[in-house]
Amino acid sequence: MAKIHAGMTVRDIRVVFPKFPIEQAPTVEHGGVWFSLMVNQNYYIQFRAAHPRAGDIVENSLINYSPRLRDRKTNAHISGEEHPW
């Protein structure tokens with residue numbers, strides 16, 4: 001999680017973690033689109049990216065919420081601050 005920081009895009013995270021799949025969650029809210037970076041069979045890192053600008057793709061969207069580690073089986077929050085960037 002320490003490799004994810006303010007100012008990164010979804011594409012930047014894919015570059016930093018090329019071996020880990022990133023899934024777009026079905027949850028979309030006013031603040032953006034949620035994503036899950038699958039770390040292993042037990043954990044994932046959840047982060048939110050701003051809605052894409054008109055005519056753009058979500059890959060270019062800035063991360064706008066701090067990443068947090070979650071349990072894949074229970075979705076319980078394990079670590080990470082929870083606040084907008």
# chains A, B, ... in the order shown; residues from 1 in each chain; ligands from 1

call {"tool": "residues_around", "arguments": {"residues": "range 7-24 of chain A", "least_positions_apart": "4", "cutoff": "10 Å", "atoms": "only C-alpha atoms", "output": "VMD selection string"}}
result
chain A and resid 3 28 33 to 40 44 to 50 57 to 64 85

call {"tool": "select_by_dssp", "arguments": {"residues": "chain A", "states": "strand (DSSP E)", "output": "mmCIF file with all heavy atoms, in the first residue's frame"}}
result
data_model
loop_
_atom_site.group_PDB
_atom_site.id
_atom_site.type_symbol
_atom_site.label_atom_id
_atom_site.label_comp_id
_atom_site.auth_asym_id
_atom_site.auth_seq_id
_atom_site.Cartn_x
_atom_site.Cartn_y
_atom_site.Cartn_z
ATOM 1 N N ILE A 22 -6.385 -6.036 -11.224
ATOM 2 C CA ILE A 22 -7.199 -4.950 -10.677
ATOM 3 C C ILE A 22 -8.599 -5.120 -11.247
ATOM 4 O O ILE A 22 -8.772 -5.192 -12.461
ATOM 5 C CB ILE A 22 -6.633 -3.572 -11.045
ATOM 6 C CG1 ILE A 22 -5.268 -3.361 -10.388
ATOM 7 C CG2 ILE A 22 -7.603 -2.476 -10.619
ATOM 8 C CD1 ILE A 22 -4.606 -2.048 -10.755
ATOM 9 N N GLU A 23 -9.574 -5.181 -10.357
ATOM 10 C CA GLU A 23 -10.953 -5.330 -10.774
ATOM 11 C C GLU A 23 -11.741 -4.068 -10.426
ATOM 12 O O GLU A 23 -11.585 -3.532 -9.337
ATOM 13 C CB GLU A 23 -11.592 -6.529 -10.065
ATOM 14 C CG GLU A 23 -10.922 -7.843 -10.388
ATOM 15 C CD GLU A 23 -11.502 -9.004 -9.593
ATOM 16 O OE1 GLU A 23 -12.423 -8.787 -8.781
ATOM 17 O OE2 GLU A 23 -11.029 -10.126 -9.784
ATOM 18 N N GLN A 24 -12.566 -3.634 -11.354
ATOM 19 C CA GLN A 24 -13.440 -2.505 -11.072
ATOM 20 C C GLN A 24 -14.654 -3.043 -10.336
ATOM 21 O O GLN A 24 -15.306 -3.979 -10.785
ATOM 22 C CB GLN A 24 -13.864 -1.812 -12.357
ATOM 23 C CG GLN A 24 -14.716 -0.593 -12.111
ATOM 24 C CD GLN A 24 -14.988 0.185 -13.380
ATOM 25 O OE1 GLN A 24 -14.237 0.100 -14.334
ATOM 26 N NE2 GLN A 24 -16.066 0.927 -13.368
ATOM 27 N N ALA A 25 -14.924 -2.473 -9.176
ATOM 28 C CA ALA A 25 -16.059 -2.915 -8.369
ATOM 29 C C ALA A 25 -17.355 -2.390 -8.969
ATOM 30 O O ALA A 25 -17.362 -1.352 -9.624
ATOM 31 C CB ALA A 25 -15.897 -2.414 -6.940
ATOM 32 N N PRO A 26 -18.439 -3.096 -8.733
ATOM 33 C CA PRO A 26 -19.722 -2.598 -9.241
ATOM 34 C C PRO A 26 -20.196 -1.339 -8.508
ATOM 35 O O PRO A 26 -21.104 -0.666 -8.948
ATOM 36 C CB PRO A 26 -20.679 -3.765 -8.994
ATOM 37 C CG PRO A 26 -20.038 -4.584 -7.938
ATOM 38 C CD PRO A 26 -18.557 -4.374 -8.072
ATOM 39 N N THR A 27 -19.547 -1.026 -7.375
ATOM 40 C CA THR A 27 -19.931 0.134 -6.588
ATOM 41 C C THR A 27 -19.368 1.415 -7.197
ATOM 42 O O THR A 27 -18.165 1.567 -7.334
ATOM 43 C CB THR A 27 -19.429 0.003 -5.133
ATOM 44 O OG1 THR A 27 -19.894 -1.225 -4.602
ATOM 45 C CG2 THR A 27 -19.897 1.145 -4.282
ATOM 46 N N VAL A 28 -20.255 2.293 -7.578
ATOM 47 C CA VAL A 28 -19.882 3.614 -8.099
ATOM 48 C C VAL A 28 -20.647 4.622 -7.255
ATOM 49 O O VAL A 28 -21.825 4.453 -6.984
ATOM 50 C CB VAL A 28 -20.255 3.753 -9.587
ATOM 51 C CG1 VAL A 28 -19.956 5.146 -10.087
ATOM 52 C CG2 VAL A 28 -19.531 2.715 -10.416
ATOM 53 N N GLU A 29 -19.967 5.650 -6.800
ATOM 54 C CA GLU A 29 -20.639 6.671 -5.997
ATOM 55 C C GLU A 29 -20.284 8.044 -6.515
ATOM 56 O O GLU A 29 -19.504 8.173 -7.452
ATOM 57 C CB GLU A 29 -20.262 6.505 -4.524
ATOM 58 C CG GLU A 29 -18.779 6.608 -4.257
ATOM 59 C CD GLU A 29 -18.417 6.311 -2.809
ATOM 60 O OE1 GLU A 29 -19.174 5.614 -2.129
ATOM 61 O OE2 GLU A 29 -17.377 6.809 -2.369
ATOM 62 N N GLY A 32 -16.552 8.727 -7.087
ATOM 63 C CA GLY A 32 -15.747 8.005 -8.057
ATOM 64 C C GLY A 32 -16.096 6.541 -8.186
ATOM 65 O O GLY A 32 -17.166 6.094 -7.786
ATOM 66 N N VAL A 33 -15.137 5.802 -8.724
ATOM 67 C CA VAL A 33 -15.289 4.389 -9.022
ATOM 68 C C VAL A 33 -14.337 3.599 -8.135
ATOM 69 O O VAL A 33 -13.153 3.935 -8.043
ATOM 70 C CB VAL A 33 -14.949 4.126 -10.514
ATOM 71 C CG1 VAL A 33 -15.098 2.668 -10.866
ATOM 72 C CG2 VAL A 33 -15.788 5.005 -11.425
ATOM 73 N N TRP A 34 -14.842 2.563 -7.492
ATOM 74 C CA TRP A 34 -14.009 1.738 -6.606
ATOM 75 C C TRP A 34 -13.315 0.624 -7.388
ATOM 76 O O TRP A 34 -13.885 0.066 -8.327
ATOM 77 C CB TRP A 34 -14.857 1.125 -5.503
ATOM 78 C CG TRP A 34 -15.247 2.132 -4.480
ATOM 79 C CD1 TRP A 34 -16.436 2.787 -4.396
ATOM 80 C CD2 TRP A 34 -14.437 2.620 -3.413
ATOM 81 N NE1 TRP A 34 -16.412 3.654 -3.329
ATOM 82 C CE2 TRP A 34 -15.209 3.575 -2.711
ATOM 83 C CE3 TRP A 34 -13.140 2.356 -2.980
ATOM 84 C CZ2 TRP A 34 -14.724 4.260 -1.605
ATOM 85 C CZ3 TRP A 34 -12.661 3.034 -1.876
ATOM 86 C CH2 TRP A 34 -13.434 3.966 -1.204
ATOM 87 N N PHE A 35 -12.089 0.316 -6.962
ATOM 88 C CA PHE A 35 -11.291 -0.749 -7.560
ATOM 89 C C PHE A 35 -10.714 -1.634 -6.463
ATOM 90 O O PHE A 35 -10.511 -1.183 -5.334
ATOM 91 C CB PHE A 35 -10.114 -0.169 -8.363
ATOM 92 C CG PHE A 35 -10.534 0.515 -9.615
ATOM 93 C CD1 PHE A 35 -10.883 1.859 -9.603
ATOM 94 C CD2 PHE A 35 -10.604 -0.176 -10.806
ATOM 95 C CE1 PHE A 35 -11.275 2.509 -10.754
ATOM 96 C CE2 PHE A 35 -10.996 0.463 -11.967
ATOM 97 C CZ PHE A 35 -11.334 1.811 -11.939
ATOM 98 N N SER A 36 -10.435 -2.882 -6.841
ATOM 99 C CA SER A 36 -9.794 -3.823 -5.931
ATOM 100 C C SER A 36 -8.539 -4.367 -6.596
ATOM 101 O O SER A 36 -8.596 -4.878 -7.716
ATOM 102 C CB SER A 36 -10.727 -4.992 -5.607
ATOM 103 O OG SER A 36 -11.880 -4.530 -4.956
ATOM 104 N N LEU A 37 -7.409 -4.229 -5.924
ATOM 105 C CA LEU A 37 -6.129 -4.770 -6.370
ATOM 106 C C LEU A 37 -5.914 -6.060 -5.596
ATOM 107 O O LEU A 37 -5.714 -6.035 -4.377
ATOM 108 C CB LEU A 37 -5.005 -3.768 -6.082
ATOM 109 C CG LEU A 37 -3.574 -4.226 -6.289
ATOM 110 C CD1 LEU A 37 -3.301 -4.482 -7.758
ATOM 111 C CD2 LEU A 37 -2.611 -3.190 -5.747
ATOM 112 N N MET A 38 -6.026 -7.201 -6.279
ATOM 113 C CA MET A 38 -5.941 -8.503 -5.617
ATOM 114 C C MET A 38 -4.486 -8.840 -5.275
ATOM 115 O O MET A 38 -3.695 -9.142 -6.150
ATOM 116 C CB MET A 38 -6.525 -9.593 -6.510
ATOM 117 C CG MET A 38 -7.955 -9.351 -6.908
ATOM 118 S SD MET A 38 -9.001 -9.157 -5.466
ATOM 119 C CE MET A 38 -10.444 -8.467 -6.196
ATOM 120 N N TYR A 43 -6.199 -11.318 0.635
ATOM 121 C CA TYR A 43 -6.300 -9.877 0.821
ATOM 122 C C TYR A 43 -6.377 -9.119 -0.500
ATOM 123 O O TYR A 43 -5.882 -9.586 -1.523
ATOM 124 C CB TYR A 43 -5.088 -9.347 1.592
ATOM 125 C CG TYR A 43 -4.907 -10.023 2.918
ATOM 126 C CD1 TYR A 43 -3.887 -10.948 3.112
ATOM 127 C CD2 TYR A 43 -5.769 -9.754 3.980
ATOM 128 C CE1 TYR A 43 -3.724 -11.586 4.336
ATOM 129 C CE2 TYR A 43 -5.610 -10.391 5.199
ATOM 130 C CZ TYR A 43 -4.596 -11.298 5.369
ATOM 131 O OH TYR A 43 -4.456 -11.927 6.569
ATOM 132 N N TYR A 44 -6.971 -7.936 -0.423
ATOM 133 C CA TYR A 44 -6.960 -7.024 -1.563
ATOM 134 C C TYR A 44 -6.828 -5.595 -1.052
ATOM 135 O O TYR A 44 -7.149 -5.288 0.096
ATOM 136 C CB TYR A 44 -8.202 -7.185 -2.434
ATOM 137 C CG TYR A 44 -9.517 -6.775 -1.819
ATOM 138 C CD1 TYR A 44 -10.062 -5.517 -2.055
ATOM 139 C CD2 TYR A 44 -10.247 -7.655 -1.023
ATOM 140 C CE1 TYR A 44 -11.280 -5.145 -1.506
ATOM 141 C CE2 TYR A 44 -11.465 -7.298 -0.480
ATOM 142 C CZ TYR A 44 -11.979 -6.049 -0.723
ATOM 143 O OH TYR A 44 -13.182 -5.680 -0.184
ATOM 144 N N ILE A 45 -6.326 -4.733 -1.921
ATOM 145 C CA ILE A 45 -6.222 -3.310 -1.615
ATOM 146 C C ILE A 45 -7.344 -2.624 -2.376
ATOM 147 O O ILE A 45 -7.479 -2.781 -3.589
ATOM 148 C CB ILE A 45 -4.860 -2.736 -2.036
ATOM 149 C CG1 ILE A 45 -3.743 -3.399 -1.232
ATOM 150 C CG2 ILE A 45 -4.839 -1.219 -1.852
ATOM 151 C CD1 ILE A 45 -2.344 -3.035 -1.692
ATOM 152 N N GLN A 46 -8.139 -1.880 -1.650
ATOM 153 C CA GLN A 46 -9.254 -1.158 -2.251
ATOM 154 C C GLN A 46 -8.874 0.315 -2.396
ATOM 155 O O GLN A 46 -8.279 0.899 -1.488
ATOM 156 C CB GLN A 46 -10.479 -1.303 -1.354
ATOM 157 C CG GLN A 46 -11.735 -0.688 -1.909
ATOM 158 C CD GLN A 46 -12.899 -0.865 -0.950
ATOM 159 O OE1 GLN A 46 -12.774 -0.583 0.233
ATOM 160 N NE2 GLN A 46 -14.017 -1.330 -1.466
ATOM 161 N N PHE A 47 -9.205 0.900 -3.549
ATOM 162 C CA PHE A 47 -8.958 2.324 -3.757
ATOM 163 C C PHE A 47 -10.043 2.878 -4.670
ATOM 164 O O PHE A 47 -10.744 2.134 -5.354
ATOM 165 C CB PHE A 47 -7.561 2.576 -4.333
ATOM 166 C CG PHE A 47 -7.326 1.955 -5.691
ATOM 167 C CD1 PHE A 47 -7.576 2.671 -6.853
ATOM 168 C CD2 PHE A 47 -6.831 0.666 -5.802
ATOM 169 C CE1 PHE A 47 -7.348 2.104 -8.095
ATOM 170 C CE2 PHE A 47 -6.602 0.093 -7.039
ATOM 171 C CZ PHE A 47 -6.861 0.815 -8.189
ATOM 172 N N ARG A 48 -10.187 4.195 -4.661
ATOM 173 C CA ARG A 48 -11.201 4.847 -5.482
ATOM 174 C C ARG A 48 -10.543 5.843 -6.426
ATOM 175 O O ARG A 48 -9.624 6.561 -6.045
ATOM 176 C CB ARG A 48 -12.206 5.582 -4.601
ATOM 177 C CG ARG A 48 -13.402 6.133 -5.370
ATOM 178 C CD ARG A 48 -14.362 6.838 -4.457
ATOM 179 N NE ARG A 48 -13.783 8.111 -4.034
ATOM 180 C CZ ARG A 48 -14.300 8.863 -3.069
ATOM 181 N NH1 ARG A 48 -15.360 8.477 -2.405
ATOM 182 N NH2 ARG A 48 -13.729 10.011 -2.745
ATOM 183 N N ALA A 49 -11.027 5.863 -7.658
ATOM 184 C CA ALA A 49 -10.554 6.821 -8.659
ATOM 185 C C ALA A 49 -11.698 7.740 -9.043
ATOM 186 O O ALA A 49 -12.866 7.341 -9.030
ATOM 187 C CB ALA A 49 -10.040 6.082 -9.897
ATOM 188 N N ILE A 63 -6.447 8.741 -8.479
ATOM 189 C CA ILE A 63 -6.894 8.114 -7.252
ATOM 190 C C ILE A 63 -7.322 9.238 -6.308
ATOM 191 O O ILE A 63 -6.580 10.206 -6.124
ATOM 192 C CB ILE A 63 -5.763 7.267 -6.616
ATOM 193 C CG1 ILE A 63 -5.220 6.253 -7.624
ATOM 194 C CG2 ILE A 63 -6.232 6.594 -5.346
ATOM 195 C CD1 ILE A 63 -6.241 5.377 -8.272
ATOM 196 N N ASN A 64 -8.513 9.115 -5.723
ATOM 197 C CA ASN A 64 -8.994 10.208 -4.881
ATOM 198 C C ASN A 64 -9.444 9.755 -3.489
ATOM 199 O O ASN A 64 -10.134 10.480 -2.793
ATOM 200 C CB ASN A 64 -10.107 10.993 -5.585
ATOM 201 C CG ASN A 64 -11.370 10.188 -5.792
ATOM 202 O OD1 ASN A 64 -11.478 9.045 -5.375
ATOM 203 N ND2 ASN A 64 -12.339 10.794 -6.442
ATOM 204 N N TYR A 65 -9.041 8.558 -3.089
ATOM 205 C CA TYR A 65 -9.344 8.065 -1.740
ATOM 206 C C TYR A 65 -8.200 7.162 -1.311
ATOM 207 O O TYR A 65 -7.693 6.378 -2.112
ATOM 208 C CB TYR A 65 -10.661 7.292 -1.731
ATOM 209 C CG TYR A 65 -11.294 7.196 -0.373
ATOM 210 C CD1 TYR A 65 -12.185 8.171 0.067
ATOM 211 C CD2 TYR A 65 -11.012 6.144 0.475
ATOM 212 C CE1 TYR A 65 -12.781 8.093 1.317
ATOM 213 C CE2 TYR A 65 -11.596 6.059 1.724
ATOM 214 C CZ TYR A 65 -12.482 7.029 2.139
ATOM 215 O OH TYR A 65 -13.061 6.949 3.377
ATOM 216 N N SER A 66 -7.795 7.270 -0.074
ATOM 217 C CA SER A 66 -6.647 6.509 0.421
ATOM 218 C C SER A 66 -6.873 4.997 0.272
ATOM 219 O O SER A 66 -7.988 4.521 0.444
ATOM 220 C CB SER A 66 -6.393 6.847 1.887
ATOM 221 O OG SER A 66 -7.536 6.557 2.657
ATOM 222 N N PRO A 67 -5.822 4.254 -0.077
ATOM 223 C CA PRO A 67 -5.960 2.807 -0.216
ATOM 224 C C PRO A 67 -6.135 2.145 1.148
ATOM 225 O O PRO A 67 -5.672 2.652 2.163
ATOM 226 C CB PRO A 67 -4.641 2.380 -0.865
ATOM 227 C CG PRO A 67 -3.670 3.421 -0.450
ATOM 228 C CD PRO A 67 -4.458 4.698 -0.342
ATOM 229 N N ARG A 68 -6.809 1.004 1.148
ATOM 230 C CA ARG A 68 -6.990 0.265 2.391
ATOM 231 C C ARG A 68 -6.958 -1.224 2.117
ATOM 232 O O ARG A 68 -7.444 -1.686 1.085
ATOM 233 C CB ARG A 68 -8.269 0.682 3.074
ATOM 234 C CG ARG A 68 -9.431 0.767 2.165
ATOM 235 C CD ARG A 68 -10.505 1.648 2.730
ATOM 236 N NE ARG A 68 -11.543 1.763 1.724
ATOM 237 C CZ ARG A 68 -12.748 2.174 1.947
ATOM 238 N NH1 ARG A 68 -13.104 2.523 3.151
ATOM 239 N NH2 ARG A 68 -13.613 2.263 0.996
ATOM 240 N N LEU A 69 -6.358 -1.948 3.032
ATOM 241 C CA LEU A 69 -6.247 -3.390 2.924
ATOM 242 C C LEU A 69 -7.506 -4.024 3.492
ATOM 243 O O LEU A 69 -7.965 -3.647 4.572
ATOM 244 C CB LEU A 69 -5.013 -3.872 3.701
ATOM 245 C CG LEU A 69 -4.672 -5.351 3.587
ATOM 246 C CD1 LEU A 69 -4.286 -5.715 2.157
ATOM 247 C CD2 LEU A 69 -3.545 -5.706 4.552
ATOM 248 N N ARG A 70 -8.049 -5.002 2.754
ATOM 249 C CA ARG A 70 -9.277 -5.666 3.184
ATOM 250 C C ARG A 70 -9.134 -7.178 3.051
ATOM 251 O O ARG A 70 -8.355 -7.669 2.240
ATOM 252 C CB ARG A 70 -10.456 -5.183 2.372
ATOM 253 C CG ARG A 70 -10.702 -3.686 2.529
ATOM 254 C CD ARG A 70 -11.932 -3.251 1.803
ATOM 255 N NE ARG A 70 -13.117 -3.439 2.605
ATOM 256 C CZ ARG A 70 -13.640 -2.518 3.415
ATOM 257 N NH1 ARG A 70 -13.045 -1.353 3.540
ATOM 258 N NH2 ARG A 70 -14.735 -2.755 4.081
ATOM 259 N N ASP A 71 -9.906 -7.890 3.845
ATOM 260 C CA ASP A 71 -9.970 -9.350 3.805
ATOM 261 C C ASP A 71 -10.893 -9.753 2.652
ATOM 262 O O ASP A 71 -12.011 -9.255 2.554
ATOM 263 C CB ASP A 71 -10.512 -9.858 5.140
ATOM 264 C CG ASP A 71 -10.526 -11.369 5.218
ATOM 265 O OD1 ASP A 71 -11.366 -11.989 4.502
ATOM 266 O OD2 ASP A 71 -9.732 -11.923 5.980
ATOM 267 N N HIS A 77 -12.199 -4.401 6.963
ATOM 268 C CA HIS A 77 -11.100 -3.447 6.860
ATOM 269 C C HIS A 77 -9.983 -3.900 7.794
ATOM 270 O O HIS A 77 -10.222 -4.154 8.966
ATOM 271 C CB HIS A 77 -11.614 -2.051 7.247
ATOM 272 C CG HIS A 77 -10.545 -1.029 7.290
ATOM 273 N ND1 HIS A 77 -10.026 -0.571 8.460
ATOM 274 C CD2 HIS A 77 -9.891 -0.381 6.306
ATOM 275 C CE1 HIS A 77 -9.090 0.332 8.192
ATOM 276 N NE2 HIS A 77 -9.004 0.463 6.896
ATOM 277 N N ILE A 78 -8.770 -4.020 7.277
ATOM 278 C CA ILE A 78 -7.637 -4.482 8.074
ATOM 279 C C ILE A 78 -6.676 -3.336 8.386
ATOM 280 O O ILE A 78 -6.220 -3.187 9.505
ATOM 281 C CB ILE A 78 -6.893 -5.620 7.351
ATOM 282 C CG1 ILE A 78 -7.832 -6.813 7.217
ATOM 283 C CG2 ILE A 78 -5.624 -6.012 8.089
ATOM 284 C CD1 ILE A 78 -7.314 -7.909 6.345
ATOM 285 N N SER A 79 -6.366 -2.536 7.380
ATOM 286 C CA SER A 79 -5.362 -1.508 7.561
ATOM 287 C C SER A 79 -5.573 -0.390 6.555
ATOM 288 O O SER A 79 -6.132 -0.596 5.487
ATOM 289 C CB SER A 79 -3.978 -2.132 7.364
ATOM 290 O OG SER A 79 -2.972 -1.168 7.397
#

call {"tool": "select_by_dssp", "arguments": {"residues": "chain A", "states": "alpha helix (DSSP H)", "output": "PDB file with all heavy atoms, in the first residue's frame"}}
result
ATOM      1  N   VAL A  10      -5.124   5.210 -12.187  1.00  0.00           N
ATOM      2  CA  VAL A  10      -5.347   3.756 -12.226  1.00  0.00           C
ATOM      3  C   VAL A  10      -4.248   3.106 -13.063  1.00  0.00           C
ATOM      4  O   VAL A  10      -3.696   2.070 -12.699  1.00  0.00           O
ATOM      5  CB  VAL A  10      -6.749   3.428 -12.785  1.00  0.00           C
ATOM      6  CG1 VAL A  10      -6.937   1.936 -12.932  1.00  0.00           C
ATOM      7  CG2 VAL A  10      -7.832   4.021 -11.890  1.00  0.00           C
ATOM      8  N   ARG A  11      -3.876   3.728 -14.154  1.00  0.00           N
ATOM      9  CA  ARG A  11      -2.803   3.196 -15.015  1.00  0.00           C
ATOM     10  C   ARG A  11      -1.478   3.106 -14.249  1.00  0.00           C
ATOM     11  O   ARG A  11      -0.743   2.125 -14.363  1.00  0.00           O
ATOM     12  CB  ARG A  11      -2.627   4.070 -16.253  1.00  0.00           C
ATOM     13  CG  ARG A  11      -1.453   3.599 -17.130  1.00  0.00           C
ATOM     14  CD  ARG A  11      -1.346   4.363 -18.427  1.00  0.00           C
ATOM     15  NE  ARG A  11      -2.398   3.876 -19.310  1.00  0.00           N
ATOM     16  CZ  ARG A  11      -3.344   4.633 -19.856  1.00  0.00           C
ATOM     17  NH1 ARG A  11      -3.376   5.926 -19.657  1.00  0.00           N
ATOM     18  NH2 ARG A  11      -4.252   4.099 -20.645  1.00  0.00           N
ATOM     19  N   ASP A  12      -1.156   4.128 -13.451  1.00  0.00           N
ATOM     20  CA  ASP A  12       0.075   4.110 -12.655  1.00  0.00           C
ATOM     21  C   ASP A  12       0.101   2.902 -11.715  1.00  0.00           C
ATOM     22  O   ASP A  12       1.134   2.261 -11.542  1.00  0.00           O
ATOM     23  CB  ASP A  12       0.213   5.382 -11.819  1.00  0.00           C
ATOM     24  CG  ASP A  12       0.398   6.636 -12.656  1.00  0.00           C
ATOM     25  OD1 ASP A  12       0.906   6.536 -13.797  1.00  0.00           O
ATOM     26  OD2 ASP A  12       0.021   7.715 -12.164  1.00  0.00           O
ATOM     27  N   ILE A  13      -1.038   2.611 -11.106  1.00  0.00           N
ATOM     28  CA  ILE A  13      -1.100   1.472 -10.184  1.00  0.00           C
ATOM     29  C   ILE A  13      -0.892   0.173 -10.949  1.00  0.00           C
ATOM     30  O   ILE A  13      -0.203  -0.726 -10.477  1.00  0.00           O
ATOM     31  CB  ILE A  13      -2.419   1.486  -9.396  1.00  0.00           C
ATOM     32  CG1 ILE A  13      -2.417   2.687  -8.455  1.00  0.00           C
ATOM     33  CG2 ILE A  13      -2.607   0.190  -8.619  1.00  0.00           C
ATOM     34  CD1 ILE A  13      -3.686   2.886  -7.683  1.00  0.00           C
ATOM     35  N   ARG A  14      -1.445   0.057 -12.140  1.00  0.00           N
ATOM     36  CA  ARG A  14      -1.220  -1.151 -12.964  1.00  0.00           C
ATOM     37  C   ARG A  14       0.268  -1.309 -13.283  1.00  0.00           C
ATOM     38  O   ARG A  14       0.779  -2.425 -13.328  1.00  0.00           O
ATOM     39  CB  ARG A  14      -2.024  -1.088 -14.252  1.00  0.00           C
ATOM     40  CG  ARG A  14      -3.499  -1.276 -14.059  1.00  0.00           C
ATOM     41  CD  ARG A  14      -4.203  -1.458 -15.401  1.00  0.00           C
ATOM     42  NE  ARG A  14      -5.631  -1.294 -15.304  1.00  0.00           N
ATOM     43  CZ  ARG A  14      -6.488  -2.210 -14.850  1.00  0.00           C
ATOM     44  NH1 ARG A  14      -6.042  -3.367 -14.422  1.00  0.00           N
ATOM     45  NH2 ARG A  14      -7.781  -1.961 -14.823  1.00  0.00           N
ATOM     46  N   VAL A  15       0.980  -0.216 -13.499  1.00  0.00           N
ATOM     47  CA  VAL A  15       2.414  -0.268 -13.801  1.00  0.00           C
ATOM     48  C   VAL A  15       3.209  -0.698 -12.569  1.00  0.00           C
ATOM     49  O   VAL A  15       4.119  -1.518 -12.658  1.00  0.00           O
ATOM     50  CB  VAL A  15       2.912   1.098 -14.330  1.00  0.00           C
ATOM     51  CG1 VAL A  15       4.432   1.145 -14.401  1.00  0.00           C
ATOM     52  CG2 VAL A  15       2.309   1.389 -15.691  1.00  0.00           C
ATOM     53  N   VAL A  16       2.856  -0.174 -11.404  1.00  0.00           N
ATOM     54  CA  VAL A  16       3.564  -0.495 -10.161  1.00  0.00           C
ATOM     55  C   VAL A  16       3.304  -1.944  -9.731  1.00  0.00           C
ATOM     56  O   VAL A  16       4.190  -2.591  -9.184  1.00  0.00           O
ATOM     57  CB  VAL A  16       3.154   0.485  -9.034  1.00  0.00           C
ATOM     58  CG1 VAL A  16       3.733   0.063  -7.701  1.00  0.00           C
ATOM     59  CG2 VAL A  16       3.607   1.901  -9.373  1.00  0.00           C
TER      60      VAL A  16
END

call {"tool": "closest_residue", "arguments": {"among": "A:Asp56, A:Ile4, A:His51, A:Asn42", "to": "Thr74 in chain A", "atoms": "only C-alpha atoms"}}
result
A:Asn42

call {"tool": "atom_distance", "arguments": {"atom1": "CA of His30 in chain A", "atom2": "CA of Ala54 in chain A"}}
result
15.4 Å

call {"tool": "decode", "arguments": {"residues": "range 66-77 of chain A", "atoms": "N, CA, C and O atoms", "output": "PDB file, in the first residue's frame"}}
result
ATOM      1  N   SER A  66      -7.795   7.270  -0.074  1.00  0.00           N
ATOM      2  CA  SER A  66      -6.647   6.509   0.421  1.00  0.00           C
ATOM      3  C   SER A  66      -6.873   4.997   0.272  1.00  0.00           C
ATOM      4  O   SER A  66      -7.988   4.521   0.444  1.00  0.00           O
ATOM      5  N   PRO A  67      -5.822   4.254  -0.077  1.00  0.00           N
ATOM      6  CA  PRO A  67      -5.960   2.807  -0.216  1.00  0.00           C
ATOM      7  C   PRO A  67      -6.135   2.145   1.148  1.00  0.00           C
ATOM      8  O   PRO A  67      -5.672   2.652   2.163  1.00  0.00           O
ATOM      9  N   ARG A  68      -6.809   1.004   1.148  1.00  0.00           N
ATOM     10  CA  ARG A  68      -6.990   0.265   2.391  1.00  0.00           C
ATOM     11  C   ARG A  68      -6.958  -1.224   2.117  1.00  0.00           C
ATOM     12  O   ARG A  68      -7.444  -1.686   1.085  1.00  0.00           O
ATOM     13  N   LEU A  69      -6.358  -1.948   3.032  1.00  0.00           N
ATOM     14  CA  LEU A  69      -6.247  -3.390   2.924  1.00  0.00           C
ATOM     15  C   LEU A  69      -7.506  -4.024   3.492  1.00  0.00           C
ATOM     16  O   LEU A  69      -7.965  -3.647   4.572  1.00  0.00           O
ATOM     17  N   ARG A  70      -8.049  -5.002   2.754  1.00  0.00           N
ATOM     18  CA  ARG A  70      -9.277  -5.666   3.184  1.00  0.00           C
ATOM     19  C   ARG A  70      -9.134  -7.178   3.051  1.00  0.00           C
ATOM     20  O   ARG A  70      -8.355  -7.669   2.240  1.00  0.00           O
ATOM     21  N   ASP A  71      -9.906  -7.890   3.845  1.00  0.00           N
ATOM     22  CA  ASP A  71      -9.970  -9.350   3.805  1.00  0.00           C
ATOM     23  C   ASP A  71     -10.893  -9.753   2.652  1.00  0.00           C
ATOM     24  O   ASP A  71     -12.011  -9.255   2.554  1.00  0.00           O
ATOM     25  N   ARG A  72     -10.439 -10.660   1.785  1.00  0.00           N
ATOM     26  CA  ARG A  72     -11.245 -11.062   0.622  1.00  0.00           C
ATOM     27  C   ARG A  72     -12.477 -11.864   0.999  1.00  0.00           C
ATOM     28  O   ARG A  72     -13.478 -11.820   0.305  1.00  0.00           O
ATOM     29  N   LYS A  73     -12.407 -12.606   2.085  1.00  0.00           N
ATOM     30  CA  LYS A  73     -13.544 -13.456   2.460  1.00  0.00           C
ATOM     31  C   LYS A  73     -14.634 -12.675   3.190  1.00  0.00           C
ATOM     32  O   LYS A  73     -15.813 -12.906   2.983  1.00  0.00           O
ATOM     33  N   THR A  74     -14.237 -11.745   4.044  1.00  0.00           N
ATOM     34  CA  THR A  74     -15.212 -11.028   4.872  1.00  0.00           C
ATOM     35  C   THR A  74     -15.377  -9.559   4.477  1.00  0.00           C
ATOM     36  O   THR A  74     -16.285  -8.902   4.963  1.00  0.00           O
ATOM     37  N   ASN A  75     -14.484  -9.061   3.632  1.00  0.00           N
ATOM     38  CA  ASN A  75     -14.429  -7.637   3.255  1.00  0.00           C
ATOM     39  C   ASN A  75     -14.119  -6.726   4.440  1.00  0.00           C
ATOM     40  O   ASN A  75     -14.283  -5.515   4.354  1.00  0.00           O
ATOM     41  N   ALA A  76     -13.674  -7.306   5.538  1.00  0.00           N
ATOM     42  CA  ALA A  76     -13.344  -6.510   6.722  1.00  0.00           C
ATOM     43  C   ALA A  76     -12.143  -5.619   6.449  1.00  0.00           C
ATOM     44  O   ALA A  76     -11.173  -6.021   5.794  1.00  0.00           O
ATOM     45  N   HIS A  77     -12.199  -4.401   6.963  1.00  0.00           N
ATOM     46  CA  HIS A  77     -11.100  -3.447   6.860  1.00  0.00           C
ATOM     47  C   HIS A  77      -9.983  -3.900   7.794  1.00  0.00           C
ATOM     48  O   HIS A  77     -10.222  -4.154   8.966  1.00  0.00           O
TER      49      HIS A  77
END
